[in-house]
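File shown: model_30.pdb. Contents: PDB, C-alpha atoms and all ligand atoms.
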ATOM      1  CA  MET Y   1      -0.448  21.693  13.534  1.00  0.00           C
ATOM      2  CA  ARG Y   2       0.718  25.320  13.563  1.00  0.00           C
ATOM      3  CA  GLU Y   3       2.778  26.377  10.566  1.00  0.00           C
ATOM      4  CA  GLU Y   4       6.288  27.391  11.554  1.00  0.00           C
ATOM      5  CA  ASP Y   5       8.182  30.471  10.384  1.00  0.00           C
ATOM      6  CA  HIS Y   6      10.554  28.545   8.116  1.00  0.00           C
ATOM      7  CA  VAL Y   7       7.567  27.123   6.203  1.00  0.00           C
ATOM      8  CA  ALA Y   8       5.915  30.536   5.817  1.00  0.00           C
ATOM      9  CA  ALA Y   9       9.211  31.981   4.566  1.00  0.00           C
ATOM     10  CA  ALA Y  10       9.651  29.185   2.009  1.00  0.00           C
ATOM     11  CA  ARG Y  11       6.069  29.570   0.769  1.00  0.00           C
ATOM     12  CA  ALA Y  12       6.437  33.332   0.326  1.00  0.00           C
ATOM     13  CA  VAL Y  13       9.687  33.014  -1.629  1.00  0.00           C
ATOM     14  CA  TYR Y  14       8.576  30.140  -3.877  1.00  0.00           C
ATOM     15  CA  ASP Y  15       5.186  31.789  -4.510  1.00  0.00           C
ATOM     16  CA  ALA Y  16       7.050  34.883  -5.669  1.00  0.00           C
ATOM     17  CA  SER Y  17       9.660  33.028  -7.719  1.00  0.00           C
ATOM     18  CA  ALA Y  18       7.916  29.961  -9.180  1.00  0.00           C
ATOM     19  CA  GLU Y  19       8.038  31.317 -12.740  1.00  0.00           C
ATOM     20  CA  ARG Y  20      11.769  32.088 -12.476  1.00  0.00           C
ATOM     21  CA  TYR Y  21      12.420  28.689 -10.889  1.00  0.00           C
ATOM     22  CA  VAL Y  22      10.757  26.957 -13.846  1.00  0.00           C
ATOM     23  CA  GLU Y  23      12.826  29.019 -16.306  1.00  0.00           C
ATOM     24  CA  PHE Y  24      16.014  28.046 -14.477  1.00  0.00           C
ATOM     25  CA  VAL Y  25      15.351  24.399 -13.525  1.00  0.00           C
ATOM     26  CA  GLY Y  26      12.582  23.334 -15.891  1.00  0.00           C
ATOM     27  CA  THR Y  27       9.746  20.927 -15.210  1.00  0.00           C
ATOM     28  CA  GLU Y  28      11.514  17.593 -15.789  1.00  0.00           C
ATOM     29  CA  ILE Y  29      14.413  15.683 -14.277  1.00  0.00           C
ATOM     30  CA  SER Y  30      17.211  15.966 -16.830  1.00  0.00           C
ATOM     31  CA  ALA Y  31      20.979  15.570 -17.176  1.00  0.00           C
ATOM     32  CA  ALA Y  32      21.266  19.375 -17.143  1.00  0.00           C
ATOM     33  CA  THR Y  33      19.884  19.618 -13.610  1.00  0.00           C
ATOM     34  CA  GLU Y  34      20.628  16.194 -12.088  1.00  0.00           C
ATOM     35  CA  ALA Y  35      23.973  14.385 -12.294  1.00  0.00           C
ATOM     36  CA  THR Y  36      24.351  10.655 -12.975  1.00  0.00           C
ATOM     37  CA  VAL Y  37      24.420   9.726  -9.272  1.00  0.00           C
ATOM     38  CA  ASP Y  38      21.263  11.752  -8.593  1.00  0.00           C
ATOM     39  CA  ARG Y  39      19.316  10.064 -11.376  1.00  0.00           C
ATOM     40  CA  SER Y  40      20.590   6.648 -10.320  1.00  0.00           C
ATOM     41  CA  MET Y  41      19.215   7.218  -6.802  1.00  0.00           C
ATOM     42  CA  LEU Y  42      15.817   8.080  -8.295  1.00  0.00           C
ATOM     43  CA  THR Y  43      15.937   4.916 -10.417  1.00  0.00           C
ATOM     44  CA  ALA Y  44      16.980   2.786  -7.416  1.00  0.00           C
ATOM     45  CA  PHE Y  45      14.098   4.275  -5.411  1.00  0.00           C
ATOM     46  CA  VAL Y  46      11.611   3.308  -8.155  1.00  0.00           C
ATOM     47  CA  ASP Y  47      12.911  -0.276  -8.203  1.00  0.00           C
ATOM     48  CA  LEU Y  48      12.743  -0.531  -4.409  1.00  0.00           C
ATOM     49  CA  VAL Y  49       9.189   0.850  -4.254  1.00  0.00           C
ATOM     50  CA  ARG Y  50       8.121  -1.867  -6.708  1.00  0.00           C
ATOM     51  CA  THR Y  51       8.945  -4.351  -3.882  1.00  0.00           C
ATOM     52  CA  ALA Y  52       6.971  -2.337  -1.284  1.00  0.00           C
ATOM     53  CA  PRO Y  53       3.350  -3.123  -0.310  1.00  0.00           C
ATOM     54  CA  SER Y  54       2.060  -0.253  -2.519  1.00  0.00           C
ATOM     55  CA  THR Y  55       3.284   1.662  -5.558  1.00  0.00           C
ATOM     56  CA  ARG Y  56       1.430   4.777  -4.418  1.00  0.00           C
ATOM     57  CA  VAL Y  57       4.025   7.504  -3.741  1.00  0.00           C
ATOM     58  CA  ALA Y  58       4.176  11.192  -2.808  1.00  0.00           C
ATOM     59  CA  ASP Y  59       6.645  13.830  -4.026  1.00  0.00           C
ATOM     60  CA  VAL Y  60       6.648  16.217  -1.041  1.00  0.00           C
ATOM     61  CA  GLY Y  61       7.896  19.704  -1.839  1.00  0.00           C
ATOM     62  CA  CYS Y  62       7.292  18.841  -5.483  1.00  0.00           C
ATOM     63  CA  GLY Y  63       7.841  22.333  -6.892  1.00  0.00           C
ATOM     64  CA  PRO Y  64       6.933  22.177 -10.603  1.00  0.00           C
ATOM     65  CA  GLY Y  65       6.559  18.390 -10.386  1.00  0.00           C
ATOM     66  CA  ARG Y  66       9.895  17.264 -11.814  1.00  0.00           C
ATOM     67  CA  ALA Y  67      10.404  14.225  -9.554  1.00  0.00           C
ATOM     68  CA  ALA Y  68       6.663  13.465  -9.634  1.00  0.00           C
ATOM     69  CA  ALA Y  69       6.783  13.261 -13.441  1.00  0.00           C
ATOM     70  CA  PHE Y  70       9.875  11.023 -13.300  1.00  0.00           C
ATOM     71  CA  LEU Y  71       8.146   8.653 -10.865  1.00  0.00           C
ATOM     72  CA  ALA Y  72       4.954   8.561 -12.940  1.00  0.00           C
ATOM     73  CA  ALA Y  73       6.934   7.900 -16.130  1.00  0.00           C
ATOM     74  CA  HIS Y  74       8.449   4.900 -14.338  1.00  0.00           C
ATOM     75  CA  GLY Y  75       5.044   3.429 -13.509  1.00  0.00           C
ATOM     76  CA  LEU Y  76       4.405   4.702  -9.976  1.00  0.00           C
ATOM     77  CA  ASP Y  77       1.085   6.188  -8.896  1.00  0.00           C
ATOM     78  CA  VAL Y  78       2.138   9.637  -7.676  1.00  0.00           C
ATOM     79  CA  VAL Y  79       0.729  12.678  -5.943  1.00  0.00           C
ATOM     80  CA  GLY Y  80       2.754  15.890  -5.709  1.00  0.00           C
ATOM     81  CA  LEU Y  81       2.466  18.062  -2.586  1.00  0.00           C
ATOM     82  CA  ASP Y  82       3.855  21.506  -1.819  1.00  0.00           C
ATOM     83  CA  VAL Y  83       3.290  24.524   0.417  1.00  0.00           C
ATOM     84  CA  SER Y  84       3.566  26.978  -2.487  1.00  0.00           C
ATOM     85  CA  VAL Y  85       0.363  27.627  -4.438  1.00  0.00           C
ATOM     86  CA  ALA Y  86       2.358  29.117  -7.337  1.00  0.00           C
ATOM     87  CA  MET Y  87       4.570  26.031  -7.531  1.00  0.00           C
ATOM     88  CA  LEU Y  88       1.474  23.797  -7.523  1.00  0.00           C
ATOM     89  CA  SER Y  89       0.019  25.860 -10.411  1.00  0.00           C
ATOM     90  CA  ALA Y  90       3.278  25.443 -12.351  1.00  0.00           C
ATOM     91  CA  ALA Y  91       3.201  21.697 -11.666  1.00  0.00           C
ATOM     92  CA  ARG Y  92      -0.413  21.359 -12.865  1.00  0.00           C
ATOM     93  CA  LEU Y  93       0.355  23.354 -16.011  1.00  0.00           C
ATOM     94  CA  ALA Y  94       3.407  21.221 -16.850  1.00  0.00           C
ATOM     95  CA  HIS Y  95       1.893  17.870 -15.862  1.00  0.00           C
ATOM     96  CA  PRO Y  96      -1.904  18.064 -16.235  1.00  0.00           C
ATOM     97  CA  GLU Y  97      -2.205  14.269 -16.095  1.00  0.00           C
ATOM     98  CA  LEU Y  98      -0.825  14.146 -12.510  1.00  0.00           C
ATOM     99  CA  SER Y  99      -2.490  15.140  -9.255  1.00  0.00           C
ATOM    100  CA  PHE Y 100      -1.099  17.860  -6.986  1.00  0.00           C
ATOM    101  CA  ALA Y 101      -2.298  19.230  -3.648  1.00  0.00           C
ATOM    102  CA  THR Y 102      -1.239  21.365  -0.718  1.00  0.00           C
ATOM    103  CA  GLY Y 103       0.845  19.584   1.903  1.00  0.00           C
ATOM    104  CA  ARG Y 104       3.724  20.129   4.291  1.00  0.00           C
ATOM    105  CA  LEU Y 105       6.629  17.899   5.190  1.00  0.00           C
ATOM    106  CA  ASP Y 106       5.379  17.860   8.787  1.00  0.00           C
ATOM    107  CA  ASP Y 107       1.625  17.807   8.034  1.00  0.00           C
ATOM    108  CA  LEU Y 108       0.471  15.691   5.085  1.00  0.00           C
ATOM    109  CA  PRO Y 109      -3.125  15.193   3.916  1.00  0.00           C
ATOM    110  CA  ILE Y 110      -2.494  11.449   3.564  1.00  0.00           C
ATOM    111  CA  ASP Y 111      -3.791   8.446   5.550  1.00  0.00           C
ATOM    112  CA  ASP Y 112      -1.538   6.481   7.888  1.00  0.00           C
ATOM    113  CA  GLY Y 113       0.474   3.718   6.225  1.00  0.00           C
ATOM    114  CA  SER Y 114      -1.029   4.308   2.790  1.00  0.00           C
ATOM    115  CA  LEU Y 115       2.115   4.941   0.689  1.00  0.00           C
ATOM    116  CA  GLY Y 116       4.863   2.692  -0.636  1.00  0.00           C
ATOM    117  CA  GLY Y 117       7.234   5.616  -1.114  1.00  0.00           C
ATOM    118  CA  VAL Y 118       7.912   9.286  -0.388  1.00  0.00           C
ATOM    119  CA  VAL Y 119      10.404  11.561  -2.141  1.00  0.00           C
ATOM    120  CA  SER Y 120      11.695  14.827  -0.703  1.00  0.00           C
ATOM    121  CA  TRP Y 121      13.876  16.151  -3.522  1.00  0.00           C
ATOM    122  CA  TYR Y 122      15.567  19.303  -2.182  1.00  0.00           C
ATOM    123  CA  SER Y 123      12.458  20.239  -0.178  1.00  0.00           C
ATOM    124  CA  ALA Y 124      13.848  19.732   3.356  1.00  0.00           C
ATOM    125  CA  ILE Y 125      16.589  22.282   2.667  1.00  0.00           C
ATOM    126  CA  HIS Y 126      14.640  25.086   4.386  1.00  0.00           C
ATOM    127  CA  THR Y 127      13.813  22.996   7.467  1.00  0.00           C
ATOM    128  CA  PRO Y 128      16.203  23.655  10.372  1.00  0.00           C
ATOM    129  CA  PRO Y 129      18.093  20.539  11.517  1.00  0.00           C
ATOM    130  CA  GLU Y 130      16.236  20.481  14.850  1.00  0.00           C
ATOM    131  CA  ARG Y 131      12.866  20.370  12.999  1.00  0.00           C
ATOM    132  CA  LEU Y 132      13.826  17.482  10.689  1.00  0.00           C
ATOM    133  CA  GLY Y 133      12.708  14.939  13.296  1.00  0.00           C
ATOM    134  CA  ALA Y 134       9.097  16.177  13.148  1.00  0.00           C
ATOM    135  CA  ALA Y 135       9.152  15.944   9.344  1.00  0.00           C
ATOM    136  CA  PHE Y 136      10.633  12.429   9.353  1.00  0.00           C
ATOM    137  CA  THR Y 137       8.018  11.291  11.899  1.00  0.00           C
ATOM    138  CA  GLU Y 138       5.271  12.562   9.574  1.00  0.00           C
ATOM    139  CA  LEU Y 139       6.846  10.913   6.510  1.00  0.00           C
ATOM    140  CA  LYS Y 140       7.087   7.649   8.469  1.00  0.00           C
ATOM    141  CA  ARG Y 141       3.402   7.952   9.470  1.00  0.00           C
ATOM    142  CA  VAL Y 142       2.181   7.950   5.854  1.00  0.00           C
ATOM    143  CA  LEU Y 143       4.472   5.089   4.729  1.00  0.00           C
ATOM    144  CA  SER Y 144       3.539   1.446   5.045  1.00  0.00           C
ATOM    145  CA  ALA Y 145       6.043  -0.794   6.839  1.00  0.00           C
ATOM    146  CA  GLY Y 146       8.527  -1.700   4.111  1.00  0.00           C
ATOM    147  CA  GLY Y 147       7.930   1.545   2.226  1.00  0.00           C
ATOM    148  CA  TYR Y 148      10.854   3.752   1.133  1.00  0.00           C
ATOM    149  CA  LEU Y 149      11.862   7.375   1.583  1.00  0.00           C
ATOM    150  CA  LEU Y 150      14.259   9.183  -0.783  1.00  0.00           C
ATOM    151  CA  LEU Y 151      15.870  12.446   0.321  1.00  0.00           C
ATOM    152  CA  ALA Y 152      18.113  14.813  -1.664  1.00  0.00           C
ATOM    153  CA  PHE Y 153      19.810  17.883  -0.204  1.00  0.00           C
ATOM    154  CA  GLN Y 154      22.911  20.085  -0.350  1.00  0.00           C
ATOM    155  CA  ALA Y 155      25.358  18.645   2.168  1.00  0.00           C
ATOM    156  CA  GLY Y 156      27.377  20.346   4.869  1.00  0.00           C
ATOM    157  CA  SER Y 157      27.496  20.324   8.621  1.00  0.00           C
ATOM    158  CA  GLY Y 158      24.002  21.723   9.209  1.00  0.00           C
ATOM    159  CA  GLU Y 159      25.030  25.358   8.697  1.00  0.00           C
ATOM    160  CA  PRO Y 160      22.401  27.943   7.741  1.00  0.00           C
ATOM    161  CA  VAL Y 161      22.876  29.977   4.560  1.00  0.00           C
ATOM    162  CA  HIS Y 162      20.809  33.131   4.825  1.00  0.00           C
ATOM    163  CA  ARG Y 163      19.790  35.136   1.764  1.00  0.00           C
ATOM    164  CA  ASP Y 164      18.120  38.561   2.057  1.00  0.00           C
ATOM    165  CA  ASN Y 165      17.048  38.580  -1.590  1.00  0.00           C
ATOM    166  CA  ALA Y 166      16.264  34.912  -2.155  1.00  0.00           C
ATOM    167  CA  HIS Y 167      15.725  34.031  -5.839  1.00  0.00           C
ATOM    168  CA  GLY Y 168      15.589  37.770  -6.593  1.00  0.00           C
ATOM    169  CA  THR Y 169      12.308  38.201  -4.690  1.00  0.00           C
ATOM    170  CA  GLY Y 170      13.508  40.786  -2.176  1.00  0.00           C
ATOM    171  CA  LEU Y 171      12.404  38.332   0.525  1.00  0.00           C
ATOM    172  CA  SER Y 172      14.679  36.553   2.965  1.00  0.00           C
ATOM    173  CA  LEU Y 173      15.031  32.796   3.207  1.00  0.00           C
ATOM    174  CA  THR Y 174      17.400  30.456   5.014  1.00  0.00           C
ATOM    175  CA  SER Y 175      18.654  27.182   3.524  1.00  0.00           C
ATOM    176  CA  PHE Y 176      20.421  24.554   5.620  1.00  0.00           C
ATOM    177  CA  ARG Y 177      23.283  22.406   4.367  1.00  0.00           C
ATOM    178  CA  HIS Y 178      22.293  19.337   6.325  1.00  0.00           C
ATOM    179  CA  SER Y 179      24.863  16.921   7.648  1.00  0.00           C
ATOM    180  CA  LEU Y 180      24.461  13.454   6.141  1.00  0.00           C
ATOM    181  CA  SER Y 181      25.287  11.755   9.454  1.00  0.00           C
ATOM    182  CA  ASP Y 182      22.842  13.973  11.364  1.00  0.00           C
ATOM    183  CA  VAL Y 183      20.099  13.191   8.818  1.00  0.00           C
ATOM    184  CA  THR Y 184      20.643   9.420   9.020  1.00  0.00           C
ATOM    185  CA  ARG Y 185      20.674   9.574  12.844  1.00  0.00           C
ATOM    186  CA  ARG Y 186      17.380  11.478  12.887  1.00  0.00           C
ATOM    187  CA  LEU Y 187      15.867   9.023  10.375  1.00  0.00           C
ATOM    188  CA  GLU Y 188      16.771   6.095  12.617  1.00  0.00           C
ATOM    189  CA  ILE Y 189      15.224   7.826  15.629  1.00  0.00           C
ATOM    190  CA  ALA Y 190      12.029   8.345  13.577  1.00  0.00           C
ATOM    191  CA  GLY Y 191      11.806   4.609  12.796  1.00  0.00           C
ATOM    192  CA  PHE Y 192      13.652   4.226   9.507  1.00  0.00           C
ATOM    193  CA  GLU Y 193      16.457   1.872   8.564  1.00  0.00           C
ATOM    194  CA  VAL Y 194      18.970   3.569   6.261  1.00  0.00           C
ATOM    195  CA  HIS Y 195      19.263   1.502   3.093  1.00  0.00           C
ATOM    196  CA  ALA Y 196      21.692   3.559   0.971  1.00  0.00           C
ATOM    197  CA  THR Y 197      23.469   6.907   1.063  1.00  0.00           C
ATOM    198  CA  ALA Y 198      25.373   8.802  -1.619  1.00  0.00           C
ATOM    199  CA  LEU Y 199      27.515  11.893  -1.262  1.00  0.00           C
ATOM    200  CA  ARG Y 200      28.968  13.396  -4.413  1.00  0.00           C
ATOM    201  CA  GLU Y 201      31.093  16.450  -5.085  1.00  0.00           C
ATOM    202  CA  ALA Y 202      29.645  19.590  -6.660  1.00  0.00           C
ATOM    203  CA  GLU Y 203      29.593  18.855 -10.366  1.00  0.00           C
ATOM    204  CA  LEU Y 204      26.883  20.836 -12.142  1.00  0.00           C
ATOM    205  CA  ASP Y 205      27.330  24.498 -13.100  1.00  0.00           C
ATOM    206  CA  HIS Y 206      24.935  25.844 -10.463  1.00  0.00           C
ATOM    207  CA  GLU Y 207      26.390  23.784  -7.569  1.00  0.00           C
ATOM    208  CA  THR Y 208      28.786  25.080  -4.913  1.00  0.00           C
ATOM    209  CA  THR Y 209      28.489  22.257  -2.330  1.00  0.00           C
ATOM    210  CA  PRO Y 210      28.505  18.452  -2.232  1.00  0.00           C
ATOM    211  CA  GLN Y 211      25.093  16.840  -2.759  1.00  0.00           C
ATOM    212  CA  ALA Y 212      23.674  14.116  -0.503  1.00  0.00           C
ATOM    213  CA  PHE Y 213      21.075  11.418  -1.150  1.00  0.00           C
ATOM    214  CA  VAL Y 214      19.520   8.951   1.286  1.00  0.00           C
ATOM    215  CA  ILE Y 215      17.192   6.016   0.728  1.00  0.00           C
ATOM    216  CA  ALA Y 216      15.641   4.762   3.967  1.00  0.00           C
ATOM    217  CA  ARG Y 217      13.156   1.961   4.642  1.00  0.00           C
ATOM    218  CA  SER Y 218      10.242   2.387   7.015  1.00  0.00           C
ATOM    219  CA  LEU Y 219      10.356  -0.302   9.738  1.00  0.00           C
TER
HETATM  220  C1  LIG X   1      14.316  23.893  -4.130  1.00  0.00           C
HETATM  221  S1  LIG X   1      12.615  23.659  -4.440  1.00  0.00           S
HETATM  222  C2  LIG X   1      12.602  21.958  -5.024  1.00  0.00           C
HETATM  223  C3  LIG X   1      11.369  21.650  -5.827  1.00  0.00           C
HETATM  224  C4  LIG X   1      11.341  20.288  -6.512  1.00  0.00           C
HETATM  225  N1  LIG X   1      11.423  19.209  -5.558  1.00  0.00           N
HETATM  226  C5  LIG X   1      12.437  20.195  -7.548  1.00  0.00           C
HETATM  227  O1  LIG X   1      13.379  19.408  -7.381  1.00  0.00           O
HETATM  228  O2  LIG X   1      12.359  20.928  -8.534  1.00  0.00           O
HETATM  229  C6  LIG X   1      11.940  23.473  -2.804  1.00  0.00           C
HETATM  230  C7  LIG X   1      10.441  23.201  -2.806  1.00  0.00           C
HETATM  231  O3  LIG X   1      10.066  22.719  -1.512  1.00  0.00           O
HETATM  232  C8  LIG X   1       8.898  23.384  -1.091  1.00  0.00           C
HETATM  233  N2  LIG X   1       8.926  23.363   0.384  1.00  0.00           N
HETATM  234  C9  LIG X   1       9.771  24.030   1.206  1.00  0.00           C
HETATM  235  N3  LIG X   1       9.520  23.716   2.490  1.00  0.00           N
HETATM  236  C10 LIG X   1       8.491  22.829   2.475  1.00  0.00           C
HETATM  237  C11 LIG X   1       7.769  22.119   3.491  1.00  0.00           C
HETATM  238  N4  LIG X   1       8.066  22.281   4.793  1.00  0.00           N
HETATM  239  N5  LIG X   1       6.781  21.287   3.116  1.00  0.00           N
HETATM  240  C12 LIG X   1       6.474  21.122   1.787  1.00  0.00           C
HETATM  241  N6  LIG X   1       7.103  21.769   0.787  1.00  0.00           N
HETATM  242  C13 LIG X   1       8.110  22.602   1.127  1.00  0.00           C
HETATM  243  C14 LIG X   1       8.975  24.758  -1.714  1.00  0.00           C
HETATM  244  O4  LIG X   1       7.734  25.397  -1.801  1.00  0.00           O
HETATM  245  C15 LIG X   1       9.592  24.432  -3.079  1.00  0.00           C
HETATM  246  O5  LIG X   1       8.603  24.126  -4.033  1.00  0.00           O
END

Please re-express this file's structure in structure tokens.
Amino acid sequence: MREEDHVAAARAVYDASAERYVEFVGTEISAATEATVDRSMLTAFVDLVRTAPSTRVADVGCGPGRAAAFLAAHGLDVVGLDVSVAMLSAARLAHPELSFATGRLDDLPIDDGSLGGVVSWYSAIHTPPERLGAAFTELKRVLSAGGYLLLAFQAGSGEPVHRDNAHGTGLSLTSFRHSLSDVTRRLEIAGFEVHATALREAELDHETTPQAFVIARSL
């Protein structure tokens, strides 16, 4: 499948800023970067995946492997995937015991129905709303029936936020504040049943918008 412009833009920016991202966010899920609700959704996802046909999971858009490490520490068999080579290098350096590979939300190097869970932790934020359906269809393809998807994203009404100097790289990148109701509607069209949603107010120092979380079950 042809790579789209929003993917190329995200790769260029994260390749150029991976080191800075790690300095700012770190390589682990922690209370400094994830609020109580966020961590509770990750924990709920782990418990749900334990009831799925497989405990093999993917962290898609893994960045430096923070969610991947959390999932592995909670007993899941995880692979981290990303479009950014520099982010994958940072992930391998921080978590040498885990496996990481190149992969895109809408084109994953994973067999049909082979996973019990997929996490997209702030990685669909550069995908325009009208392209989310293609990503959700691909995530559904790799999940077994009864497998779970966990999404996290900055919430809004789908508006684009364009930055000309994203992460100080001098490169431009657009983020989308996805609408929670639009996301759940697109998940249902792709063949998911929405299991739980959470929407919390901005709470951490770096946040300016509400944060949304969705757990959906593959039918
Ligand atoms: C904001 S960072 C989040 C990284 C990580 N999930 C975390 O929480 O630290 C967004 C990540 O998603 C990746 N990404 C963006 N678009 C992607 C796509 N279409 N497919 C896979 N990865 C993507 C970027 O390269 C980057 O590593």

Determine, counting all atoms listed in the file, every residue of protein, DNA or RNA that lies within 12 Å of (-0.7, 18.9, -12.3) in the file coordinates, then give the result as a compact mmCIF listing (two decimals) with C-alpha atoms, in the frame of the given file.
# COMPACT_ATOMS: atom_id res chain seq x y z
CA THR Y 27 9.75 20.93 -15.21
CA CYS Y 62 7.29 18.84 -5.48
CA GLY Y 63 7.84 22.33 -6.89
CA PRO Y 64 6.93 22.18 -10.60
CA GLY Y 65 6.56 18.39 -10.39
CA ARG Y 66 9.90 17.26 -11.81
CA ALA Y 68 6.66 13.46 -9.63
CA ALA Y 69 6.78 13.26 -13.44
CA ALA Y 72 4.95 8.56 -12.94
CA VAL Y 78 2.14 9.64 -7.68
CA VAL Y 79 0.73 12.68 -5.94
CA GLY Y 80 2.75 15.89 -5.71
CA LEU Y 81 2.47 18.06 -2.59
CA ASP Y 82 3.86 21.51 -1.82
CA VAL Y 85 0.36 27.63 -4.44
CA ALA Y 86 2.36 29.12 -7.34
CA MET Y 87 4.57 26.03 -7.53
CA LEU Y 88 1.47 23.80 -7.52
CA SER Y 89 0.02 25.86 -10.41
CA ALA Y 90 3.28 25.44 -12.35
CA ALA Y 91 3.20 21.70 -11.67
CA ARG Y 92 -0.41 21.36 -12.86
CA LEU Y 93 0.36 23.35 -16.01
CA ALA Y 94 3.41 21.22 -16.85
CA HIS Y 95 1.89 17.87 -15.86
CA PRO Y 96 -1.90 18.06 -16.24
CA GLU Y 97 -2.20 14.27 -16.10
CA LEU Y 98 -0.82 14.15 -12.51
CA SER Y 99 -2.49 15.14 -9.26
CA PHE Y 100 -1.10 17.86 -6.99
CA ALA Y 101 -2.30 19.23 -3.65
CA THR Y 102 -1.24 21.36 -0.72

Exercise. How would you write, as a list in words, the set of residues no farther than 6 Å from ligand LIG 1 (chain X) when counting all atoms listed in the file?
Worked result: Val7, Ala10, Arg11, Tyr14, Val60, Gly61, Cys62, Gly63, Pro64, Arg66, Asp82, Val83, Ser84, Met87, Gly103, Arg104, Leu105, Trp121, Tyr122, Ser123, Ala124 and His126 of chain Y

Exercise. Separation of CA of Ala216 in chain Y and CA of Leu149 in chain Y, in Å?
Worked result: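 CA of Leu149 in chain Y lies at a distance of 5.2 Å from CA of Ala216 in chain Y.
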
Kindly assemble as a Markdown table a list of the range 76-184 of chain Y residues that lie within 9 Å of range 33-45 of chain Y, each paired with its nearest atom pair and their distance in Å to one decimal, using all atoms listed in the file, sorted first by chain and then by ascending residue number.
| residue | atom | partner | partner_atom | distance |
| --- | --- | --- | --- | --- |
| Y:Gly117 | CA | Y:Phe45 | CA | 8.2 |
| Y:Val119 | CA | Y:Phe45 | CA | 8.8 |
| Y:Tyr148 | CA | Y:Phe45 | CA | 7.3 |
| Y:Leu149 | CA | Y:Phe45 | CA | 8.0 |
| Y:Leu150 | CA | Y:Phe45 | CA | 6.7 |
| Y:Ala152 | CA | Y:Asp38 | CA | 8.2 |

What would the file look like if the residues just selected were written as a CSV table (one decimal), in the coordinates of the input with C-alpha atoms?
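part.csv, written as the output of this step:
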chain,number,residue,atom,x,y,z
Y,117,GLY,CA,7.2,5.6,-1.1
Y,119,VAL,CA,10.4,11.6,-2.1
Y,148,TYR,CA,10.9,3.8,1.1
Y,149,LEU,CA,11.9,7.4,1.6
Y,150,LEU,CA,14.3,9.2,-0.8
Y,152,ALA,CA,18.1,14.8,-1.7

Exercise. For the file shown, what are the residues hit by the PyMOL selection byres (((chain Y and resi 190) around 10) and not hetatm), laid out as a VMD selection string?
Worked result: chain Y and resid 132 to 141 184 to 189 191 to 193 218 to 219

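Our summary of the geometry notes that CA of Ser17 in chain Y is positioned 15.5 Å from CA of Ser175 in chain Y.
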
How would you write, as an mmCIF file with C-alpha atoms, keeping the file's coordinate frame, the residues chosen by the PyMOL selection byres (((chain Y and resi 110) around 10) and not hetatm) on this structure?
data_model
loop_
_atom_site.group_PDB
_atom_site.id
_atom_site.type_symbol
_atom_site.label_atom_id
_atom_site.label_comp_id
_atom_site.auth_asym_id
_atom_site.auth_seq_id
_atom_site.Cartn_x
_atom_site.Cartn_y
_atom_site.Cartn_z
ATOM 1 C CA ALA Y 58 4.176 11.192 -2.808
ATOM 2 C CA GLY Y 103 0.845 19.584 1.903
ATOM 3 C CA ASP Y 107 1.625 17.807 8.034
ATOM 4 C CA LEU Y 108 0.471 15.691 5.085
ATOM 5 C CA PRO Y 109 -3.125 15.193 3.916
ATOM 6 C CA ASP Y 111 -3.791 8.446 5.550
ATOM 7 C CA ASP Y 112 -1.538 6.481 7.888
ATOM 8 C CA GLY Y 113 0.474 3.718 6.225
ATOM 9 C CA SER Y 114 -1.029 4.308 2.790
ATOM 10 C CA LEU Y 115 2.115 4.941 0.689
ATOM 11 C CA GLU Y 138 5.271 12.562 9.574
ATOM 12 C CA LEU Y 139 6.846 10.913 6.510
ATOM 13 C CA ARG Y 141 3.402 7.952 9.470
ATOM 14 C CA VAL Y 142 2.181 7.950 5.854
ATOM 15 C CA LEU Y 143 4.472 5.089 4.729
#

Seminar exercise, completed: As a check of understanding: the span from CA of Phe213 in chain Y to CA of Val118 in chain Y is 13.4 Å

Can range 193-201 of chain Y be brought up to N, CA and C atoms and written out as a CSV table (one decimal), in the coordinates of the input?
chain,number,residue,atom,x,y,z
Y,193,GLU,N,15.2,2.5,8.7
Y,193,GLU,CA,16.5,1.9,8.6
Y,193,GLU,C,17.1,2.5,7.3
Y,194,VAL,N,18.3,3.0,7.4
Y,194,VAL,CA,19.0,3.6,6.3
Y,194,VAL,C,19.4,2.5,5.3
Y,195,HIS,N,19.0,2.5,4.1
Y,195,HIS,CA,19.3,1.5,3.1
Y,195,HIS,C,20.5,1.9,2.2
Y,196,ALA,N,20.6,3.1,1.8
Y,196,ALA,CA,21.7,3.6,1.0
Y,196,ALA,C,21.9,5.1,1.1
Y,197,THR,N,23.2,5.5,1.1
Y,197,THR,CA,23.5,6.9,1.1
Y,197,THR,C,24.4,7.2,-0.1
Y,198,ALA,N,24.4,8.4,-0.6
Y,198,ALA,CA,25.4,8.8,-1.6
Y,198,ALA,C,25.7,10.2,-1.3
Y,199,LEU,N,27.0,10.5,-1.4
Y,199,LEU,CA,27.5,11.9,-1.3
Y,199,LEU,C,28.4,12.1,-2.4
Y,200,ARG,N,28.1,13.1,-3.3
Y,200,ARG,CA,29.0,13.4,-4.4
Y,200,ARG,C,29.4,14.8,-4.4
Y,201,GLU,N,30.5,15.1,-5.0
Y,201,GLU,CA,31.1,16.4,-5.1
Y,201,GLU,C,30.2,17.3,-6.0
